[in-house]
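Enquirer: Sharing protein-v1.cif here; it has mmCIF, C-alpha atoms.
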data_work
loop_
_atom_site.label_atom_id
_atom_site.label_comp_id
_atom_site.auth_asym_id
_atom_site.auth_seq_id
_atom_site.Cartn_x
_atom_site.Cartn_y
_atom_site.Cartn_z
CA MET E 1 107.06 122.93 106.38
CA THR E 2 104.73 120.68 108.35
CA PRO E 3 102.05 122.65 110.18
CA ARG E 4 102.30 122.60 113.93
CA PRO E 5 100.49 119.50 115.16
CA ASP E 6 97.37 119.62 117.27
CA TRP E 7 98.52 117.85 120.41
CA ARG E 8 95.25 117.73 122.32
CA LEU E 9 94.41 114.04 122.18
CA TYR E 10 97.30 111.72 121.40
CA LEU E 11 96.64 108.04 120.84
CA VAL E 12 99.36 105.45 121.47
CA THR E 13 98.39 102.16 119.85
CA ASP E 14 98.49 98.81 121.61
CA ARG E 15 97.31 95.93 119.42
CA PRO E 16 96.97 93.36 122.21
CA LEU E 17 94.52 95.71 123.95
CA MET E 18 92.41 95.88 120.79
CA GLY E 19 91.24 92.31 121.34
CA GLY E 20 91.49 91.06 117.79
CA ARG E 21 90.02 94.13 116.08
CA ARG E 22 91.97 95.53 113.13
CA ILE E 23 94.27 98.38 114.15
CA GLU E 24 93.07 100.45 111.16
CA ASP E 25 89.47 100.15 112.35
CA VAL E 26 90.26 101.12 115.93
CA VAL E 27 92.43 104.06 114.85
CA ALA E 28 89.87 105.26 112.28
CA ALA E 29 87.16 105.23 114.93
CA ALA E 30 89.42 107.01 117.42
CA VAL E 31 90.16 109.76 114.91
CA ARG E 32 86.45 110.14 114.10
CA GLY E 33 85.97 110.65 117.82
CA GLY E 34 88.61 113.36 118.02
CA VAL E 35 92.12 111.92 118.31
CA THR E 36 94.56 114.49 116.90
CA VAL E 37 97.87 112.54 116.79
CA VAL E 38 98.59 108.81 116.48
CA GLN E 39 101.70 107.00 117.64
CA LEU E 40 102.13 103.46 116.33
CA ARG E 41 103.79 101.48 119.09
CA GLU E 42 104.79 97.87 118.51
CA LYS E 43 106.90 95.57 120.59
CA ASP E 44 108.56 92.46 119.14
CA CYS E 45 107.00 93.03 115.74
CA PRO E 46 109.07 91.89 112.73
CA THR E 47 110.19 94.88 110.69
CA ARG E 48 108.31 93.91 107.54
CA GLU E 49 105.00 93.62 109.41
CA PHE E 50 105.73 96.86 111.30
CA VAL E 51 106.22 98.70 107.99
CA GLU E 52 102.99 97.25 106.62
CA LEU E 53 101.04 98.37 109.69
CA ALA E 54 102.62 101.81 109.50
CA ARG E 55 101.74 102.17 105.83
CA ALA E 56 98.14 101.17 106.50
CA LEU E 57 97.85 103.84 109.20
CA LYS E 58 99.60 106.43 107.04
CA ARG E 59 97.12 105.84 104.21
CA LEU E 60 94.30 106.22 106.70
CA LEU E 61 95.58 109.31 108.51
CA ASP E 62 97.09 111.35 105.69
CA PRO E 63 93.77 112.42 104.13
CA LEU E 64 92.52 113.32 107.60
CA GLY E 65 95.50 115.57 108.36
CA VAL E 66 96.36 113.59 111.49
CA PRO E 67 100.10 113.07 112.04
CA LEU E 68 101.48 109.55 112.40
CA LEU E 69 104.46 109.03 114.68
CA ILE E 70 106.36 105.76 115.00
CA ASN E 71 107.57 104.52 118.35
CA ASP E 72 111.34 103.93 118.45
CA ARG E 73 111.87 102.84 114.83
CA VAL E 74 113.38 105.53 112.62
CA ASP E 75 113.68 102.98 109.79
CA VAL E 76 109.97 102.20 109.89
CA ALA E 77 109.21 105.94 109.92
CA LEU E 78 111.35 106.42 106.80
CA ALA E 79 109.87 103.42 105.02
CA CYS E 80 106.25 104.48 105.53
CA GLY E 81 106.76 108.24 105.27
CA ALA E 82 105.57 108.89 108.80
CA ASP E 83 105.54 112.42 110.19
CA GLY E 84 108.06 111.51 112.85
CA VAL E 85 109.08 109.29 115.71
CA HIS E 86 108.68 109.01 119.44
CA LEU E 87 111.89 108.09 121.25
CA GLY E 88 112.05 106.50 124.68
CA GLN E 89 115.06 106.59 126.94
CA SER E 90 116.51 103.40 125.45
CA ASP E 91 115.67 104.28 121.85
CA MET E 92 117.90 106.14 119.42
CA GLU E 93 119.46 109.40 120.63
CA TYR E 94 117.63 112.53 119.51
CA ALA E 95 120.61 113.90 117.60
CA ASP E 96 121.00 110.72 115.54
CA ALA E 97 117.30 110.56 114.74
CA ARG E 98 117.27 114.24 113.74
CA ARG E 99 120.26 113.79 111.46
CA ILE E 100 118.65 110.76 109.78
CA LEU E 101 115.09 112.11 109.54
CA GLY E 102 115.88 115.72 108.65
CA PRO E 103 114.65 119.05 109.97
CA GLU E 104 110.94 118.62 109.12
CA ALA E 105 110.33 115.42 111.07
CA ILE E 106 108.49 115.55 114.39
CA ILE E 107 110.65 114.02 117.11
CA GLY E 108 109.27 113.49 120.59
CA ILE E 109 111.10 112.22 123.63
CA SER E 110 109.87 110.36 126.70
CA VAL E 111 110.58 112.10 129.98
CA GLU E 112 110.10 109.60 132.77
CA THR E 113 111.11 111.68 135.77
CA PRO E 114 110.90 115.42 136.42
CA GLU E 115 114.69 115.52 136.68
CA GLN E 116 115.07 114.76 132.95
CA LYS E 117 115.14 117.98 130.94
CA PRO E 118 115.95 117.33 127.28
CA ALA E 119 117.35 120.36 125.47
CA GLU E 120 115.88 119.51 122.06
CA ALA E 121 112.60 117.90 121.03
CA ASP E 122 109.42 118.85 119.22
CA TYR E 123 107.45 117.65 122.22
CA LEU E 124 108.03 115.74 125.42
CA GLY E 125 105.94 112.77 126.45
CA VAL E 126 105.91 113.26 130.22
CA GLY E 127 104.82 110.71 132.75
CA PRO E 128 103.52 108.43 134.00
CA ILE E 129 101.29 111.07 135.54
CA PHE E 130 99.21 108.41 137.27
CA ALA E 131 99.80 104.69 137.89
CA THR E 132 99.14 102.75 134.71
CA PRO E 133 98.29 99.12 134.09
CA THR E 134 99.57 99.12 130.47
CA LYS E 135 103.20 99.70 131.42
CA PRO E 136 103.81 97.83 134.69
CA ASP E 137 107.57 98.56 134.54
CA ALA E 138 107.02 102.32 134.35
CA ALA E 139 108.68 104.82 136.67
CA PRO E 140 106.76 106.08 139.76
CA PRO E 141 103.79 108.34 138.92
CA TRP E 142 104.52 112.07 138.83
CA GLY E 143 101.20 113.35 140.09
CA LEU E 144 99.65 116.64 138.99
CA GLU E 145 101.83 118.94 141.09
CA ALA E 146 105.04 117.66 139.53
CA LEU E 147 103.50 118.07 136.10
CA ALA E 148 102.52 121.67 136.87
CA ALA E 149 106.01 122.42 138.17
CA TYR E 150 107.60 120.86 135.07
CA ARG E 151 105.27 122.93 132.90
CA ARG E 152 106.43 126.14 134.55
CA ALA E 153 110.10 125.20 134.13
CA CYS E 154 109.95 123.99 130.53
CA ARG E 155 109.44 125.66 127.16
CA HIS E 156 108.59 122.43 125.25
CA VAL E 157 105.22 121.12 124.18
CA LEU E 158 104.17 118.64 126.87
CA VAL E 159 102.03 115.61 126.15
CA ALA E 160 101.13 113.90 129.42
CA ILE E 161 100.85 110.11 129.55
CA GLY E 162 100.21 107.36 132.04
CA GLY E 163 96.93 106.37 133.66
CA ILE E 164 94.95 109.15 131.99
CA THR E 165 91.21 108.46 131.96
CA LEU E 166 87.97 110.22 131.29
CA GLU E 167 87.83 111.07 134.98
CA ASN E 168 91.27 112.69 135.37
CA ALA E 169 92.00 114.04 131.86
CA ARG E 170 90.72 117.51 132.62
CA SER E 171 93.00 117.85 135.65
CA VAL E 172 96.01 117.00 133.48
CA VAL E 173 95.26 119.78 131.02
CA GLU E 174 94.61 122.18 133.91
CA ALA E 175 98.05 121.28 135.27
CA GLY E 176 99.52 122.59 132.03
CA ALA E 177 99.76 119.70 129.55
CA ASP E 178 99.32 120.69 125.91
CA GLY E 179 97.78 117.31 125.28
CA VAL E 180 96.88 114.02 126.87
CA ALA E 181 98.12 110.70 125.58
CA VAL E 182 96.10 107.57 126.15
CA VAL E 183 96.57 103.89 125.41
CA SER E 184 93.97 101.69 127.09
CA ALA E 185 91.35 104.45 127.45
CA ILE E 186 90.85 104.19 123.68
CA CYS E 187 92.49 100.94 122.49
CA ALA E 188 90.59 98.81 125.01
CA ALA E 189 87.31 100.74 124.67
CA THR E 190 84.35 98.87 123.21
CA ASP E 191 83.58 102.01 121.21
CA PRO E 192 86.86 103.82 120.50
CA ALA E 193 85.09 106.71 118.75
CA ALA E 194 82.85 107.34 121.73
CA ALA E 195 85.82 107.02 124.08
CA ALA E 196 87.79 109.61 122.10
CA ARG E 197 84.77 111.93 121.89
CA ALA E 198 84.23 111.72 125.64
CA LEU E 199 87.90 112.49 126.29
CA ARG E 200 87.76 115.53 123.99
CA GLU E 201 84.70 116.75 125.85
CA ALA E 202 86.36 116.08 129.19
CA ILE E 203 89.34 118.26 128.30
CA GLN E 204 86.91 120.85 126.87
CA THR E 205 88.87 121.53 123.70
CA MET A 1 131.92 103.99 95.19
CA THR A 2 132.58 101.30 97.78
CA PRO A 3 135.05 98.68 96.58
CA ARG A 4 133.58 95.23 96.03
CA PRO A 5 133.71 93.42 99.35
CA ASP A 6 135.80 90.36 99.97
CA TRP A 7 133.14 87.79 100.84
CA ARG A 8 135.38 84.86 101.72
CA LEU A 9 134.85 84.64 105.50
CA TYR A 10 131.75 86.35 106.81
CA LEU A 11 131.22 86.57 110.57
CA VAL A 12 127.72 86.90 112.02
CA THR A 13 127.94 88.03 115.62
CA ASP A 14 126.11 86.36 118.49
CA ARG A 15 126.84 87.96 121.85
CA PRO A 16 125.35 85.18 124.00
CA LEU A 17 127.76 82.72 122.35
CA MET A 18 130.69 84.95 123.31
CA GLY A 19 130.29 83.97 126.94
CA GLY A 20 130.78 87.37 128.52
CA ARG A 21 133.69 88.48 126.36
CA ARG A 22 133.43 91.96 124.80
CA ILE A 23 132.08 91.85 121.28
CA GLU A 24 134.81 94.27 120.14
CA ASP A 25 137.49 91.90 121.41
CA VAL A 26 135.99 88.84 119.76
CA VAL A 27 135.45 90.66 116.45
CA ALA A 28 138.94 92.19 116.51
CA ALA A 29 140.46 88.76 117.06
CA ALA A 30 138.30 87.26 114.32
CA VAL A 31 139.44 89.90 111.85
CA ARG A 32 143.07 89.36 112.81
CA GLY A 33 142.48 85.72 111.98
CA GLY A 34 141.07 86.50 108.55
CA VAL A 35 137.37 87.43 108.74
CA THR A 36 136.58 89.64 105.73
CA VAL A 37 133.02 90.86 106.49
CA VAL A 38 131.19 91.36 109.79
CA GLN A 39 127.45 91.33 110.33
CA LEU A 40 126.25 92.65 113.67
CA ARG A 41 123.20 90.61 114.60
CA GLU A 42 121.26 91.46 117.74
CA LYS A 43 117.91 90.22 118.93
CA ASP A 44 115.82 92.10 121.49
CA CYS A 45 118.50 94.76 121.92
CA PRO A 46 117.23 98.28 122.72
CA THR A 47 117.96 100.63 119.84
CA ARG A 48 120.30 102.90 121.79
CA GLU A 49 122.49 100.00 122.88
CA PHE A 50 122.39 98.52 119.36
CA VAL A 51 123.66 101.82 117.93
CA GLU A 52 126.44 101.95 120.53
CA LEU A 53 127.55 98.41 119.69
CA ALA A 54 127.43 99.19 115.98
CA ARG A 55 129.52 102.33 116.42
CA ALA A 56 132.10 100.44 118.44
CA LEU A 57 132.43 97.84 115.67
CA LYS A 58 132.49 100.51 112.96
CA ARG A 59 135.38 102.28 114.73
CA LEU A 60 137.20 98.97 114.94
CA LEU A 61 136.56 97.76 111.38
CA ASP A 62 136.88 100.95 109.35
CA PRO A 63 140.66 101.29 109.67
CA LEU A 64 140.96 97.60 108.73
CA GLY A 65 138.88 97.98 105.58
CA VAL A 66 136.43 95.32 106.73
CA PRO A 67 132.79 96.10 105.91
CA LEU A 68 130.22 96.20 108.72
CA LEU A 69 126.68 95.10 107.93
CA ILE A 70 123.75 95.41 110.33
CA ASN A 71 121.18 92.66 110.64
CA ASP A 72 117.63 93.90 109.97
CA ARG A 73 117.93 97.46 111.30
CA VAL A 74 118.27 100.09 108.61
CA ASP A 75 118.02 102.81 111.28
CA VAL A 76 120.99 101.41 113.18
CA ALA A 77 122.96 101.18 109.93
CA LEU A 78 122.25 104.84 109.20
CA ALA A 79 123.08 105.94 112.73
CA CYS A 80 126.48 104.22 112.85
CA GLY A 81 127.42 104.71 109.20
CA ALA A 82 127.55 100.98 108.49
CA ASP A 83 128.37 99.74 105.03
CA GLY A 84 124.97 98.11 104.68
CA VAL A 85 122.38 95.75 106.05
CA HIS A 86 121.43 92.13 105.93
CA LEU A 87 117.70 91.53 105.50
CA GLY A 88 115.89 88.35 106.48
CA GLN A 89 112.54 87.29 105.11
CA SER A 90 110.62 89.15 107.83
CA ASP A 91 112.84 92.24 107.76
CA MET A 92 112.32 95.32 105.63
CA GLU A 93 111.71 94.78 101.90
CA TYR A 94 114.78 95.23 99.72
CA ALA A 95 113.24 98.10 97.73
CA ASP A 96 112.45 100.10 100.87
CA ALA A 97 115.91 99.55 102.31
CA ARG A 98 117.56 100.54 99.04
CA ARG A 99 115.51 103.72 98.80
CA ILE A 100 116.40 104.68 102.37
CA LEU A 101 120.08 103.68 102.30
CA GLY A 102 120.94 104.86 98.81
CA PRO A 103 122.77 103.24 95.90
CA GLU A 104 126.14 102.72 97.62
CA ALA A 105 124.92 100.63 100.54
CA ILE A 106 125.52 96.89 100.57
CA ILE A 107 122.21 95.07 100.92
CA GLY A 108 122.11 91.32 101.39
CA ILE A 109 119.08 89.09 101.58
CA SER A 110 118.52 85.76 103.30
CA VAL A 111 117.45 82.95 101.00
CA GLU A 112 116.09 80.13 103.12
CA THR A 113 114.96 77.70 100.44
CA PRO A 114 116.26 77.07 96.90
CA GLU A 115 112.85 78.16 95.55
CA GLN A 116 113.48 81.76 96.63
CA LYS A 117 115.19 83.73 93.87
CA PRO A 118 115.43 87.43 94.73
CA ALA A 119 115.85 89.66 91.69
CA GLU A 120 117.93 92.32 93.42
CA ALA A 121 120.59 92.12 96.12
CA ASP A 122 124.31 92.73 96.51
CA TYR A 123 124.64 89.21 97.85
CA LEU A 124 122.44 86.39 99.04
CA GLY A 125 122.90 84.65 102.36
CA VAL A 126 121.88 81.12 101.40
CA GLY A 127 121.11 78.33 103.81
CA PRO A 128 121.06 76.64 106.17
CA ILE A 129 123.46 74.47 104.22
CA PHE A 130 123.80 72.09 107.15
CA ALA A 131 121.79 71.66 110.34
CA THR A 132 122.70 74.38 112.82
CA PRO A 133 122.40 74.59 116.56
CA THR A 134 122.44 78.42 116.66
CA LYS A 135 119.12 78.81 114.81
CA PRO A 136 116.89 75.95 115.91
CA ASP A 137 113.87 77.43 114.05
CA ALA A 138 115.73 77.48 110.73
CA ALA A 139 114.40 75.91 107.54
CA PRO A 140 115.55 72.37 106.56
CA PRO A 141 119.22 72.13 105.51
CA TRP A 142 119.94 72.53 101.79
CA GLY A 143 122.89 70.22 101.50
CA LEU A 144 125.75 70.76 99.06
CA GLU A 145 123.98 69.58 95.93
CA ALA A 146 121.19 72.14 96.29
CA LEU A 147 123.81 74.82 96.88
CA ALA A 148 125.68 73.82 93.72
CA ALA A 149 122.45 73.83 91.70
CA TYR A 150 121.52 77.25 93.08
CA ARG A 151 124.99 78.50 92.18
CA ARG A 152 124.58 77.41 88.58
CA ALA A 153 121.14 79.06 88.33
CA CYS A 154 122.01 82.37 90.00
CA ARG A 155 124.14 85.37 89.06
CA HIS A 156 124.34 86.82 92.61
CA VAL A 157 127.18 86.64 95.08
CA LEU A 158 126.37 83.72 97.39
CA VAL A 159 127.43 83.60 101.00
CA ALA A 160 126.55 80.21 102.45
CA ILE A 161 125.44 79.92 106.07
CA GLY A 162 124.26 77.32 108.51
CA GLY A 163 126.25 74.65 110.27
CA ILE A 164 129.50 75.57 108.56
CA THR A 165 132.56 74.29 110.41
CA LEU A 166 136.25 73.80 109.91
CA GLU A 167 135.48 70.29 108.66
CA ASN A 168 132.91 71.16 105.98
CA ALA A 169 133.87 74.74 104.94
CA ARG A 170 135.97 73.61 101.99
CA SER A 171 133.11 71.58 100.53
CA VAL A 172 130.86 74.65 100.66
CA VAL A 173 133.30 76.73 98.63
CA GLU A 174 133.78 73.84 96.21
CA ALA A 175 130.00 73.75 95.75
CA GLY A 176 130.20 77.33 94.50
CA ALA A 177 129.76 79.67 97.44
CA ASP A 178 131.67 82.96 97.17
CA GLY A 179 132.04 82.95 100.90
CA VAL A 180 131.17 81.10 104.07
CA ALA A 181 129.32 82.69 106.95
CA VAL A 182 129.81 81.41 110.45
CA VAL A 183 128.36 82.19 113.84
CA SER A 184 129.33 79.69 116.51
CA ALA A 185 132.48 78.47 114.74
CA ILE A 186 134.05 81.82 115.66
CA CYS A 187 131.83 83.46 118.32
CA ALA A 188 131.96 80.41 120.58
CA ALA A 189 135.62 79.61 119.90
CA THR A 190 138.05 79.92 122.80
CA ASP A 191 140.47 81.57 120.38
CA PRO A 192 138.44 83.41 117.70
CA ALA A 193 141.59 84.48 115.82
CA ALA A 194 142.81 80.91 115.56
CA ALA A 195 139.33 79.74 114.56
CA ALA A 196 139.16 82.32 111.77
CA ARG A 197 142.69 81.50 110.61
CA ALA A 198 141.88 77.79 110.46
CA LEU A 199 138.71 78.51 108.46
CA ARG A 200 140.63 80.64 105.99
CA GLU A 201 143.17 77.85 105.60
CA ALA A 202 140.40 75.29 105.19
CA ILE A 203 138.84 77.22 102.34
CA GLN A 204 142.34 77.75 100.88
CA THR A 205 141.83 81.39 100.02
#
Mind converting the file's structure to structure tokens?

Expert:
Amino acid sequence: MTPRPDWRLYLVTDRPLMGGRRIEDVVAAAVRGGVTVVQLREKDCPTREFVELARALKRLLDPLGVPLLINDRVDVALACGADGVHLGQSDMEYADARRILGPEAIIGISVETPEQKPAEADYLGVGPIFATPTKPDAAPPWGLEALAAYRRACRHVLVAIGGITLENARSVVEAGADGVAVVSAICAATDPAAAARALREAIQT
Amino acid sequence: MTPRPDWRLYLVTDRPLMGGRRIEDVVAAAVRGGVTVVQLREKDCPTREFVELARALKRLLDPLGVPLLINDRVDVALACGADGVHLGQSDMEYADARRILGPEAIIGISVETPEQKPAEADYLGVGPIFATPTKPDAAPPWGLEALAAYRRACRHVLVAIGGITLENARSVVEAGADGVAVVSAICAATDPAAAARALREAIQT
């Protein structure tokens, strides 16, 4: 039985934002700074390279006890022995992923509007809470009130995502999120460890 | 134990070439005409849609005893219960796919130059034999002599691909291929059943 993950500071990777730095180096620094969960997200990456990246992160994160989740690709998760997957609305259905990955895998689902209420998931990635430059095609921002209302109506672990910065992270946790997910706030930071440390301090956990 | 597939006429799907026709209709017609194996190949297709397409083809092909293989995506193969996968040189490694899919799955590998000699595979997709318009970034064509030499040096099932048409299909089988794989010769045909029937007659099997 996998222990319950620590959802407080959830990093979603974005290699283009890393500006040529190795993903292992950025992720290692982020975890030193206080990141508690890592999601490897790749777009248009050949499968073989995706598996290699995932294995490199798994080797890095396993000794640190930090779970690795794979965006979309159940096959990559199986190949690298990841802790689970994160599924968007156009990714595999939850029930199929659960059947393939088994009962121990962590499976998270993106919830893009407050009207979406998945019955089953280990956590929900809810947002965008604020407008975000890293996903220009995202749905309209929820705002903090919608997040708080969703929190009250929902029994799932909620990881909030979308436009979360050092300045607004605390407000997101106060609105009821179990964790905050960031992309550019860490991947694009000159010092990813310092950025993660500052975010952990901002959310006071 | 899955029976040994009939490799004679192997269809690789290409939805853009189907010109708006439903993939199920084109594949059903192709199988009526004599296609013996179907590979669902999708590029840039969201996973959920890919799984739906694969399930639709699986429902169609299962009662006909025609194997369905999925290009690249082991997760889609698992979700739809496909008979196996076809792996290109930038797709998952054979050993990973075998471990994930188990001993009964059919796993084929693309061999793009005669120098590549995979140790393990249920079949090899060798080519391009001839220049092909459907894959403009493909390696240089092998020609029939290289195919015949590869046949003599190799114990695997060989499915030849690349630029195979009604006119040259017979020469490919005579050079030693166990089967011919086509994309545009069937997907772009006005009458896919007639195109498949003519190919089967051309290879006299």

Enquirer: If the PyMOL selection byres ((chain E) within 8 of (chain A)) is run on the structure shown, which residues does it catch, given as number ranges by chain?

Expert: E: 44, 46-49, 51, 72-75, 78-79, 90-93, 96-97, 100

Enquirer: Go ahead and compute the interatomic distance for atom CA of Pro114 of chain A and atom CA of Pro16 of chain A, in Å to one decimal.

Expert: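 Going from atom CA of Pro114 of chain A over to atom CA of Pro16 of chain A, I get 29.7 Å.
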
Enquirer: Counting all atoms listed in the file, figure out which residue out of E:Phe130, E:Tyr123, E:Tyr94, E:Trp7 gets nearest to Val157 of chain E.

Expert: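 Among the listed residues, E:Tyr123 lies closest to Val157 of chain E.
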
Enquirer: Starting from the displayed file, determine the output of the PyMOL selection byres ((chain E and resi 28) around 9) and express the residue list as a ChimeraX atom specification.

Expert: /E:23-27,29-33,57,60-61,192-193

Enquirer: For Pro133 of chain A, list every protein, DNA or RNA residue within 9 Å, evaluated using all atoms listed in the file, and leave out those in the same chain fewer than 6 positions away; present the list as a list in words.

Expert: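 Once the adjacent positions are removed, what remains is Gly162, Gly163 and Ser184 of chain A.
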
Enquirer: Write the residues you've just listed into a file as a PDB file, in the frame of the given file, and include C-alpha atoms for each of them.

Expert:
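Output file part_7.pdb follows:
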ATOM      1  CA  GLY A 162     124.260  77.320 108.510  1.00  0.00           C
ATOM      2  CA  GLY A 163     126.250  74.650 110.270  1.00  0.00           C
ATOM      3  CA  SER A 184     129.330  79.690 116.510  1.00  0.00           C
TER       4      SER A 184
END

Enquirer: For Val12 of chain E, which residue among E:Ile109, E:Cys154, E:Asp191, E:Ala185 is the nearest when counting all atoms listed in the file?

Expert: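 Using all atoms listed in the file, Val12 of chain E sits closest to E:Ala185.
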
Enquirer: Evaluate the PyMOL selection byres ((chain A and resi 129) around 9) and record the selected residues as a PyMOL selection string, following the chain and residue labels used in the document.

Expert: chain A and resi 126-128+130-132+140-144+146-147+160-164+172

Enquirer: For atom CA of Gly108 of chain A and atom CA of Lys58 of chain E, quote the distance in Å rounded to one decimal.

Expert: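 Separation between atom CA of Gly108 of chain A and atom CA of Lys58 of chain E: 27.7 Å.
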
Enquirer: From the set A:Leu124, A:Val183, A:Leu9, A:Ala177, which residue has the shortest atom-to-atom contact distance to Leu199 of chain A, counting only C-alpha atoms?

Expert: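 Closest candidate: A:Leu9.
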
Enquirer: In Å to one decimal, how far is atom CA of Arg152 of chain A from atom CA of Val37 of chain A?

Expert: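 So the answer is 23.9 Å.
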
Enquirer: Between E:Glu115, E:Arg151, E:Lys135, E:Ala121, which residue has the minimum interatomic distance to Pro103 of chain E, considering all atoms listed in the file?

Expert: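 Once distances to Pro103 of chain E are computed over all atoms listed in the file, the minimum belongs to E:Ala121.
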
Enquirer: Which residue is closest to Ala119 of chain E? Choose from E:Arg41, E:His156, E:Arg59, E:Arg200 and count all atoms listed in the file.

Expert: E:His156

Enquirer: Please list, as number ranges by chain, the residues that have an atom at most 7 Å away from (101.7, 103.9, 111.2) in the coordinates of this file, counting all atoms listed in the file.

Expert: E: 40, 53-58, 68-70, 82

Enquirer: Rebuild segment 159-171 of chain E to N, CA, C and O atoms - output it as a compact mmCIF listing (two decimals), in the coordinates of the input, please.

Expert:
# COMPACT_ATOMS: atom_id res chain seq x y z
N VAL E 159 103.14 116.55 126.28
CA VAL E 159 102.03 115.61 126.15
C VAL E 159 102.13 114.68 127.35
O VAL E 159 103.13 113.97 127.51
N ALA E 160 101.10 114.70 128.19
CA ALA E 160 101.13 113.90 129.42
C ALA E 160 100.62 112.51 129.13
O ALA E 160 99.69 112.32 128.34
N ILE E 161 101.23 111.51 129.78
CA ILE E 161 100.85 110.11 129.55
C ILE E 161 100.90 109.33 130.85
O ILE E 161 101.62 109.72 131.78
N GLY E 162 100.13 108.28 130.91
CA GLY E 162 100.21 107.36 132.04
C GLY E 162 98.98 107.43 132.92
O GLY E 162 98.83 108.38 133.70
N GLY E 163 98.09 106.46 132.78
CA GLY E 163 96.93 106.37 133.66
C GLY E 163 95.89 107.46 133.43
O GLY E 163 95.08 107.74 134.32
N ILE E 164 95.91 108.08 132.25
CA ILE E 164 94.95 109.15 131.99
C ILE E 164 93.62 108.55 131.52
O ILE E 164 93.57 107.70 130.64
N THR E 165 92.56 108.99 132.19
CA THR E 165 91.21 108.46 131.96
C THR E 165 90.25 109.61 131.74
O THR E 165 90.61 110.79 131.91
N LEU E 166 89.04 109.24 131.42
CA LEU E 166 87.97 110.22 131.29
C LEU E 166 87.82 111.05 132.58
O LEU E 166 87.53 112.25 132.53
N GLU E 167 88.06 110.41 133.69
CA GLU E 167 87.83 111.07 134.98
C GLU E 167 88.92 112.09 135.32
O GLU E 167 88.64 113.10 135.96
N ASN E 168 90.18 111.79 134.94
CA ASN E 168 91.27 112.69 135.37
C ASN E 168 91.85 113.54 134.23
O ASN E 168 92.75 114.35 134.47
N ALA E 169 91.37 113.36 133.01
CA ALA E 169 92.00 114.04 131.86
C ALA E 169 91.97 115.56 132.02
O ALA E 169 92.95 116.26 131.71
N ARG E 170 90.86 116.06 132.49
CA ARG E 170 90.72 117.51 132.62
C ARG E 170 91.78 118.08 133.58
O ARG E 170 92.39 119.13 133.32
N SER E 171 92.02 117.37 134.66
CA SER E 171 93.00 117.85 135.65
C SER E 171 94.40 117.91 135.05
O SER E 171 95.22 118.77 135.44
